[in-house]
$ cat my_file-v8.cif   # mmCIF, C-alpha atoms; chains and numbers go by the auth columns
data_my_file
loop_
_atom_site.group_PDB
_atom_site.id
_atom_site.type_symbol
_atom_site.label_atom_id
_atom_site.label_comp_id
_atom_site.label_asym_id
_atom_site.label_seq_id
_atom_site.Cartn_x
_atom_site.Cartn_y
_atom_site.Cartn_z
_atom_site.B_iso_or_equiv
_atom_site.auth_seq_id
_atom_site.auth_asym_id
ATOM 1 C CA MET A 1 18.043 4.329 9.368 0.00 1 A
ATOM 2 C CA ALA A 2 14.799 6.114 8.465 0.00 2 A
ATOM 3 C CA GLU A 3 11.594 4.288 9.255 0.00 3 A
ATOM 4 C CA LYS A 4 9.582 3.427 6.119 0.00 4 A
ATOM 5 C CA GLN A 5 6.105 4.930 6.290 0.00 5 A
ATOM 6 C CA GLN A 6 3.275 2.415 5.965 0.00 6 A
ATOM 7 C CA LYS A 7 1.020 2.913 2.955 0.00 7 A
ATOM 8 C CA THR A 8 -2.578 3.976 3.515 0.00 8 A
ATOM 9 C CA ASN A 9 -5.613 2.488 1.729 0.00 9 A
ATOM 10 C CA ALA A 10 -5.692 5.623 -0.421 0.00 10 A
ATOM 11 C CA MET A 11 -2.088 5.092 -1.569 0.00 11 A
ATOM 12 C CA ARG A 12 -2.701 1.411 -2.308 0.00 12 A
ATOM 13 C CA MET A 13 -5.819 2.226 -4.352 0.00 13 A
ATOM 14 C CA LEU A 14 -3.943 4.822 -6.421 0.00 14 A
ATOM 15 C CA GLU A 15 -1.123 2.368 -7.079 0.00 15 A
ATOM 16 C CA THR A 16 -3.572 -0.362 -8.105 0.00 16 A
ATOM 17 C CA ALA A 17 -5.167 2.089 -10.551 0.00 17 A
ATOM 18 C CA ALA A 18 -1.693 3.157 -11.809 0.00 18 A
ATOM 19 C CA ILE A 19 -2.394 6.768 -10.829 0.00 19 A
ATOM 20 C CA PRO A 20 0.744 8.790 -10.067 0.00 20 A
ATOM 21 C CA TYR A 21 0.913 10.687 -6.792 0.00 21 A
ATOM 22 C CA ARG A 22 3.383 12.008 -4.284 0.00 22 A
ATOM 23 C CA VAL A 23 3.142 12.343 -0.516 0.00 23 A
ATOM 24 C CA LEU A 24 3.782 15.492 1.497 0.00 24 A
ATOM 25 C CA THR A 25 4.156 15.102 5.243 0.00 25 A
ATOM 26 C CA TYR A 26 3.723 17.676 7.975 0.00 26 A
ATOM 27 C CA GLU A 27 3.780 17.941 11.745 0.00 27 A
ATOM 28 C CA VAL A 28 0.308 17.339 13.194 0.00 28 A
ATOM 29 C CA ASP A 29 -1.124 19.730 15.762 0.00 29 A
ATOM 30 C CA GLU A 30 -3.722 17.669 17.680 0.00 30 A
ATOM 31 C CA GLU A 31 -5.429 20.906 18.783 0.00 31 A
ATOM 32 C CA ASN A 32 -5.748 22.440 15.316 0.00 32 A
ATOM 33 C CA PHE A 33 -6.909 20.639 12.163 0.00 33 A
ATOM 34 C CA ASP A 34 -7.289 23.866 10.192 0.00 34 A
ATOM 35 C CA GLY A 35 -6.752 23.227 6.495 0.00 35 A
ATOM 36 C CA ASN A 36 -5.129 26.609 5.913 0.00 36 A
ATOM 37 C CA LEU A 37 -2.461 25.632 8.449 0.00 37 A
ATOM 38 C CA VAL A 38 -1.959 22.297 6.654 0.00 38 A
ATOM 39 C CA ALA A 39 -1.546 24.137 3.327 0.00 39 A
ATOM 40 C CA LYS A 40 1.075 26.393 4.881 0.00 40 A
ATOM 41 C CA LYS A 41 2.922 23.424 6.425 0.00 41 A
ATOM 42 C CA VAL A 42 3.104 21.564 3.089 0.00 42 A
ATOM 43 C CA GLY A 43 3.949 24.739 1.144 0.00 43 A
ATOM 44 C CA MET A 44 0.916 24.738 -1.134 0.00 44 A
ATOM 45 C CA ASP A 45 -1.668 27.364 -2.043 0.00 45 A
ATOM 46 C CA PRO A 46 -4.795 26.822 0.142 0.00 46 A
ATOM 47 C CA GLU A 47 -6.846 26.878 -3.077 0.00 47 A
ATOM 48 C CA ALA A 48 -5.044 23.689 -4.169 0.00 48 A
ATOM 49 C CA VAL A 49 -5.358 21.828 -0.849 0.00 49 A
ATOM 50 C CA PHE A 50 -8.761 20.147 -0.600 0.00 50 A
ATOM 51 C CA LYS A 51 -10.577 19.021 2.531 0.00 51 A
ATOM 52 C CA THR A 52 -12.833 15.985 2.409 0.00 52 A
ATOM 53 C CA LEU A 53 -16.287 16.379 3.925 0.00 53 A
ATOM 54 C CA VAL A 54 -18.852 13.607 4.377 0.00 54 A
ATOM 55 C CA LEU A 55 -22.537 14.457 4.232 0.00 55 A
ATOM 56 C CA GLN A 56 -25.901 12.743 4.167 0.00 56 A
ATOM 57 C CA GLY A 57 -28.539 13.609 1.610 0.00 57 A
ATOM 58 C CA ASP A 58 -32.261 13.228 2.248 0.00 58 A
ATOM 59 C CA LYS A 59 -32.689 11.189 -0.951 0.00 59 A
ATOM 60 C CA THR A 60 -29.335 9.659 -1.921 0.00 60 A
ATOM 61 C CA GLY A 61 -27.790 8.870 1.452 0.00 61 A
ATOM 62 C CA PHE A 62 -24.099 9.431 2.159 0.00 62 A
ATOM 63 C CA LEU A 63 -21.870 11.444 -0.147 0.00 63 A
ATOM 64 C CA THR A 64 -18.418 12.991 -0.117 0.00 64 A
ATOM 65 C CA CYS A 65 -17.338 16.492 -1.139 0.00 65 A
ATOM 66 C CA CYS A 66 -13.841 17.858 -1.690 0.00 66 A
ATOM 67 C CA VAL A 67 -13.446 21.628 -1.487 0.00 67 A
ATOM 68 C CA PRO A 68 -10.471 23.972 -1.063 0.00 68 A
ATOM 69 C CA VAL A 69 -9.496 24.340 2.606 0.00 69 A
ATOM 70 C CA CYS A 70 -9.897 28.123 2.336 0.00 70 A
ATOM 71 C CA GLU A 71 -13.551 27.839 1.264 0.00 71 A
ATOM 72 C CA GLU A 72 -16.885 26.960 2.876 0.00 72 A
ATOM 73 C CA LEU A 73 -19.173 24.272 1.518 0.00 73 A
ATOM 74 C CA ASP A 74 -22.532 25.594 0.276 0.00 74 A
ATOM 75 C CA LEU A 75 -25.097 22.987 1.378 0.00 75 A
ATOM 76 C CA LYS A 76 -27.727 24.206 -1.117 0.00 76 A
ATOM 77 C CA LYS A 77 -25.282 23.780 -4.007 0.00 77 A
ATOM 78 C CA VAL A 78 -24.274 20.318 -2.737 0.00 78 A
ATOM 79 C CA ALA A 79 -27.922 19.275 -2.531 0.00 79 A
ATOM 80 C CA ARG A 80 -28.547 20.510 -6.079 0.00 80 A
ATOM 81 C CA ALA A 81 -25.419 18.790 -7.458 0.00 81 A
ATOM 82 C CA SER A 82 -26.212 15.506 -5.733 0.00 82 A
ATOM 83 C CA GLY A 83 -29.938 15.298 -6.509 0.00 83 A
ATOM 84 C CA ASN A 84 -31.070 15.916 -2.930 0.00 84 A
ATOM 85 C CA LYS A 85 -33.546 18.412 -1.482 0.00 85 A
ATOM 86 C CA SER A 86 -31.267 18.871 1.517 0.00 86 A
ATOM 87 C CA VAL A 87 -27.924 17.620 2.829 0.00 87 A
ATOM 88 C CA GLN A 88 -26.337 17.796 6.237 0.00 88 A
ATOM 89 C CA MET A 89 -22.848 17.244 7.543 0.00 89 A
ATOM 90 C CA LEU A 90 -22.194 13.805 9.003 0.00 90 A
ATOM 91 C CA PRO A 91 -21.869 14.004 12.806 0.00 91 A
ATOM 92 C CA LEU A 92 -18.193 13.674 13.763 0.00 92 A
ATOM 93 C CA LYS A 93 -18.810 10.586 15.915 0.00 93 A
ATOM 94 C CA GLU A 94 -20.077 8.740 12.818 0.00 94 A
ATOM 95 C CA LEU A 95 -17.069 9.574 10.599 0.00 95 A
ATOM 96 C CA PHE A 96 -14.721 6.749 11.618 0.00 96 A
ATOM 97 C CA PRO A 97 -17.350 3.957 11.739 0.00 97 A
ATOM 98 C CA LEU A 98 -18.638 4.966 8.289 0.00 98 A
ATOM 99 C CA THR A 99 -15.403 5.779 6.446 0.00 99 A
ATOM 100 C CA GLY A 100 -12.569 4.186 8.418 0.00 100 A
ATOM 101 C CA TYR A 101 -10.947 7.624 8.625 0.00 101 A
ATOM 102 C CA VAL A 102 -10.597 10.153 11.460 0.00 102 A
ATOM 103 C CA ARG A 103 -11.095 13.920 11.439 0.00 103 A
ATOM 104 C CA GLY A 104 -8.041 15.580 9.938 0.00 104 A
ATOM 105 C CA GLY A 105 -7.160 12.385 8.074 0.00 105 A
ATOM 106 C CA CYS A 106 -10.236 11.697 5.954 0.00 106 A
ATOM 107 C CA SER A 107 -9.362 10.931 2.346 0.00 107 A
ATOM 108 C CA PRO A 108 -11.881 10.754 -0.506 0.00 108 A
ATOM 109 C CA ILE A 109 -9.915 7.690 -1.665 0.00 109 A
ATOM 110 C CA GLY A 110 -10.111 4.321 0.064 0.00 110 A
ATOM 111 C CA MET A 111 -13.105 4.738 2.370 0.00 111 A
ATOM 112 C CA LYS A 112 -14.710 1.562 3.741 0.00 112 A
ATOM 113 C CA LYS A 113 -17.424 1.984 1.104 0.00 113 A
ATOM 114 C CA ALA A 114 -17.477 4.044 -2.081 0.00 114 A
ATOM 115 C CA PHE A 115 -19.841 7.006 -1.855 0.00 115 A
ATOM 116 C CA PRO A 116 -20.838 9.440 -4.597 0.00 116 A
ATOM 117 C CA THR A 117 -18.054 12.029 -4.628 0.00 117 A
ATOM 118 C CA TYR A 118 -18.133 15.628 -5.795 0.00 118 A
ATOM 119 C CA VAL A 119 -15.023 17.753 -6.254 0.00 119 A
ATOM 120 C CA ASP A 120 -15.383 21.509 -6.390 0.00 120 A
ATOM 121 C CA GLU A 121 -15.003 22.700 -9.965 0.00 121 A
ATOM 122 C CA THR A 122 -12.170 25.086 -8.962 0.00 122 A
ATOM 123 C CA ALA A 123 -9.903 22.009 -8.814 0.00 123 A
ATOM 124 C CA GLN A 124 -9.807 22.137 -12.622 0.00 124 A
ATOM 125 C CA LEU A 125 -7.865 25.417 -12.370 0.00 125 A
ATOM 126 C CA CYS A 126 -5.007 23.638 -10.573 0.00 126 A
ATOM 127 C CA GLU A 127 -2.312 21.520 -12.161 0.00 127 A
ATOM 128 C CA GLU A 128 -2.148 19.483 -8.959 0.00 128 A
ATOM 129 C CA ILE A 129 -4.232 19.331 -5.814 0.00 129 A
ATOM 130 C CA ALA A 130 -3.636 17.800 -2.402 0.00 130 A
ATOM 131 C CA VAL A 131 -6.096 15.658 -0.457 0.00 131 A
ATOM 132 C CA SER A 132 -5.603 13.726 2.740 0.00 132 A
ATOM 133 C CA ALA A 133 -3.647 10.515 2.342 0.00 133 A
ATOM 134 C CA GLY A 134 -5.932 8.876 4.901 0.00 134 A
ATOM 135 C CA ARG A 135 -3.763 9.647 7.892 0.00 135 A
ATOM 136 C CA ARG A 136 -3.141 12.856 9.806 0.00 136 A
ATOM 137 C CA GLY A 137 0.130 14.440 8.767 0.00 137 A
ATOM 138 C CA GLU A 138 0.107 13.202 5.164 0.00 138 A
ATOM 139 C CA GLN A 139 -1.278 14.733 1.983 0.00 139 A
ATOM 140 C CA LEU A 140 -1.504 13.079 -1.440 0.00 140 A
ATOM 141 C CA VAL A 141 -0.661 15.349 -4.355 0.00 141 A
ATOM 142 C CA LEU A 142 -2.143 14.361 -7.714 0.00 142 A
ATOM 143 C CA ARG A 143 -3.794 15.799 -10.807 0.00 143 A
ATOM 144 C CA PRO A 144 -7.469 16.721 -10.280 0.00 144 A
ATOM 145 C CA ASP A 145 -8.612 14.517 -13.176 0.00 145 A
ATOM 146 C CA ASP A 146 -6.726 11.596 -11.612 0.00 146 A
ATOM 147 C CA LEU A 147 -8.671 12.095 -8.375 0.00 147 A
ATOM 148 C CA ILE A 148 -11.907 12.163 -10.377 0.00 148 A
ATOM 149 C CA ARG A 149 -10.893 8.895 -12.067 0.00 149 A
ATOM 150 C CA ALA A 150 -9.743 7.251 -8.819 0.00 150 A
ATOM 151 C CA VAL A 151 -13.088 7.677 -7.042 0.00 151 A
ATOM 152 C CA SER A 152 -15.489 8.003 -10.007 0.00 152 A
ATOM 153 C CA ALA A 153 -16.223 11.552 -8.888 0.00 153 A
ATOM 154 C CA CYS A 154 -17.577 14.514 -10.799 0.00 154 A
ATOM 155 C CA TYR A 155 -16.847 18.214 -10.710 0.00 155 A
ATOM 156 C CA ALA A 156 -19.543 20.491 -9.313 0.00 156 A
ATOM 157 C CA ASP A 157 -20.012 24.025 -8.010 0.00 157 A
ATOM 158 C CA LEU A 158 -19.901 23.376 -4.245 0.00 158 A
ATOM 159 C CA ILE A 159 -18.704 26.633 -2.658 0.00 159 A
#
$ encode --input "my_file-v8.cif" --output "structure tokens"
Amino acid sequence: MAEKQQKTNAMRMLETAAIPYRVLTYEVDEENFDGNLVAKKVGMDPEAVFKTLVLQGDKTGFLTCCVPVCEELDLKKVARASGNKSVQMLPLKELFPLTGYVRGGCSPIGMKKAFPTYVDETAQLCEEIAVSAGRRGEQLVLRPDDLIRAVSACYADLI
């Protein structure tokens, strides 16, 4: 008998909001959290698989950005989009205490606290995108506008 996978906070939040999603699972490589590898493992275009990055702005405090795994975040563009003069990546050791998520399993949905969230505007070109389900080895697939609605995010030019 197959073991039923426990739902993550992200899944529960989507269900509460009546937002449809599906889960893709993959084998986790503890040595390599590369998003391009994750995209390959789940059989999706890397431009449709989004990594979640947590940053701190000099004016607004913590914020979250979702960008395609094949792209680099442009800190100047993030600062502009978020109303900050500068932003910096959150140190890895602070990720779990702040969000409740670990590296390689950080979802924009269901963090301990809701932070302003920005999704790269290229998401609008995709019918569906994948983001972490809140656990390594699981991706949530949903419509970009549903992600925006789920976390009260906005689209911005981030890469």
$ closest_residue --input "my_file-v8.cif" --among "A:Leu14, A:Phe33, A:Gly100, A:Ala114" --to "Gly61 (chain A)" --atoms "all atoms listed in the file"
A:Ala114
$ closest_residue --input "my_file-v8.cif" --among "A:Tyr118, A:Tyr101, A:Phe50, A:Tyr155" --to "Thr8 (chain A)" --atoms "all atoms listed in the file"
A:Tyr101
$ atom_distance --input "my_file-v8.cif" --atom1 "CA of Lys85 (chain A)" --atom2 "CA of Pro97 (chain A)"
25.4 Å
$ resolve_selection --input "my_file-v8.cif" --expression "the PyMOL selection byres ((chain A and resi 63-70) around 10)" --output "short mmCIF file (atom, residue, chain, number, x, y, z; two decimals) with C-alpha atoms, in the coordinates of the input"
data_model
loop_
_atom_site.label_atom_id
_atom_site.label_comp_id
_atom_site.auth_asym_id
_atom_site.auth_seq_id
_atom_site.Cartn_x
_atom_site.Cartn_y
_atom_site.Cartn_z
CA ASP A 34 -7.29 23.87 10.19
CA GLY A 35 -6.75 23.23 6.50
CA ASN A 36 -5.13 26.61 5.91
CA LEU A 37 -2.46 25.63 8.45
CA VAL A 38 -1.96 22.30 6.65
CA ALA A 39 -1.55 24.14 3.33
CA ASP A 45 -1.67 27.36 -2.04
CA PRO A 46 -4.80 26.82 0.14
CA GLU A 47 -6.85 26.88 -3.08
CA ALA A 48 -5.04 23.69 -4.17
CA VAL A 49 -5.36 21.83 -0.85
CA PHE A 50 -8.76 20.15 -0.60
CA LYS A 51 -10.58 19.02 2.53
CA THR A 52 -12.83 15.98 2.41
CA LEU A 53 -16.29 16.38 3.92
CA VAL A 54 -18.85 13.61 4.38
CA LEU A 55 -22.54 14.46 4.23
CA GLN A 56 -25.90 12.74 4.17
CA GLY A 57 -28.54 13.61 1.61
CA THR A 60 -29.34 9.66 -1.92
CA GLY A 61 -27.79 8.87 1.45
CA PHE A 62 -24.10 9.43 2.16
CA GLU A 71 -13.55 27.84 1.26
CA GLU A 72 -16.89 26.96 2.88
CA LEU A 73 -19.17 24.27 1.52
CA VAL A 78 -24.27 20.32 -2.74
CA SER A 82 -26.21 15.51 -5.73
CA VAL A 87 -27.92 17.62 2.83
CA MET A 89 -22.85 17.24 7.54
CA LEU A 90 -22.19 13.80 9.00
CA SER A 107 -9.36 10.93 2.35
CA PRO A 108 -11.88 10.75 -0.51
CA ALA A 114 -17.48 4.04 -2.08
CA PHE A 115 -19.84 7.01 -1.86
CA PRO A 116 -20.84 9.44 -4.60
CA THR A 117 -18.05 12.03 -4.63
CA TYR A 118 -18.13 15.63 -5.80
CA VAL A 119 -15.02 17.75 -6.25
CA ASP A 120 -15.38 21.51 -6.39
CA GLU A 121 -15.00 22.70 -9.96
CA THR A 122 -12.17 25.09 -8.96
CA ALA A 123 -9.90 22.01 -8.81
CA ILE A 129 -4.23 19.33 -5.81
CA ALA A 130 -3.64 17.80 -2.40
CA VAL A 131 -6.10 15.66 -0.46
CA ALA A 153 -16.22 11.55 -8.89
CA CYS A 154 -17.58 14.51 -10.80
CA TYR A 155 -16.85 18.21 -10.71
CA ALA A 156 -19.54 20.49 -9.31
CA ASP A 157 -20.01 24.02 -8.01
CA LEU A 158 -19.90 23.38 -4.24
CA ILE A 159 -18.70 26.63 -2.66
#
$ resolve_selection --input "my_file-v8.cif" --expression "the PyMOL selection byres ((chain A and resi 11) around 12)" --output "MDAnalysis selection string"
chainID A and resid 5:10 12:23 107:111 131:135 138:142 147 150
$ residues_near_point --input "my_file-v8.cif" --point "(-5.5, 15.3, 17.8)" --cutoff "10 Å" --atoms "all atoms listed in the file" --output "PyMOL selection string"
chain A and resi 28-33+102-104+136
$ closest_residue --input "my_file-v8.cif" --among "A:Ser152, A:Thr99, A:Thr25, A:Ser86" --to "Lys59 (chain A)" --atoms "all atoms listed in the file"
A:Ser86
$ atom_distance --input "my_file-v8.cif" --atom1 "CA of Phe96 (chain A)" --atom2 "CA of Val151 (chain A)"
18.8 Å
$ atom_distance --input "my_file-v8.cif" --atom1 "CA of Lys76 (chain A)" --atom2 "CA of Lys93 (chain A)"
23.6 Å
$ axis_aligned_box --input "my_file-v8.cif" --around "region 134-151 of chain A" --padding-each-side "6 Å" --output "AutoDock Vina command-line options"
--center_x -6.5 --center_y 12.0 --center_z -1.7 --size_x 25.2 --size_y 21.5 --size_z 35.0
$ closest_residue --input "my_file-v8.cif" --among "A:Gly83, A:Gly137, A:Pro144, A:Gln124" --to "Cys106 (chain A)" --atoms "all atoms listed in the file"
A:Gly137
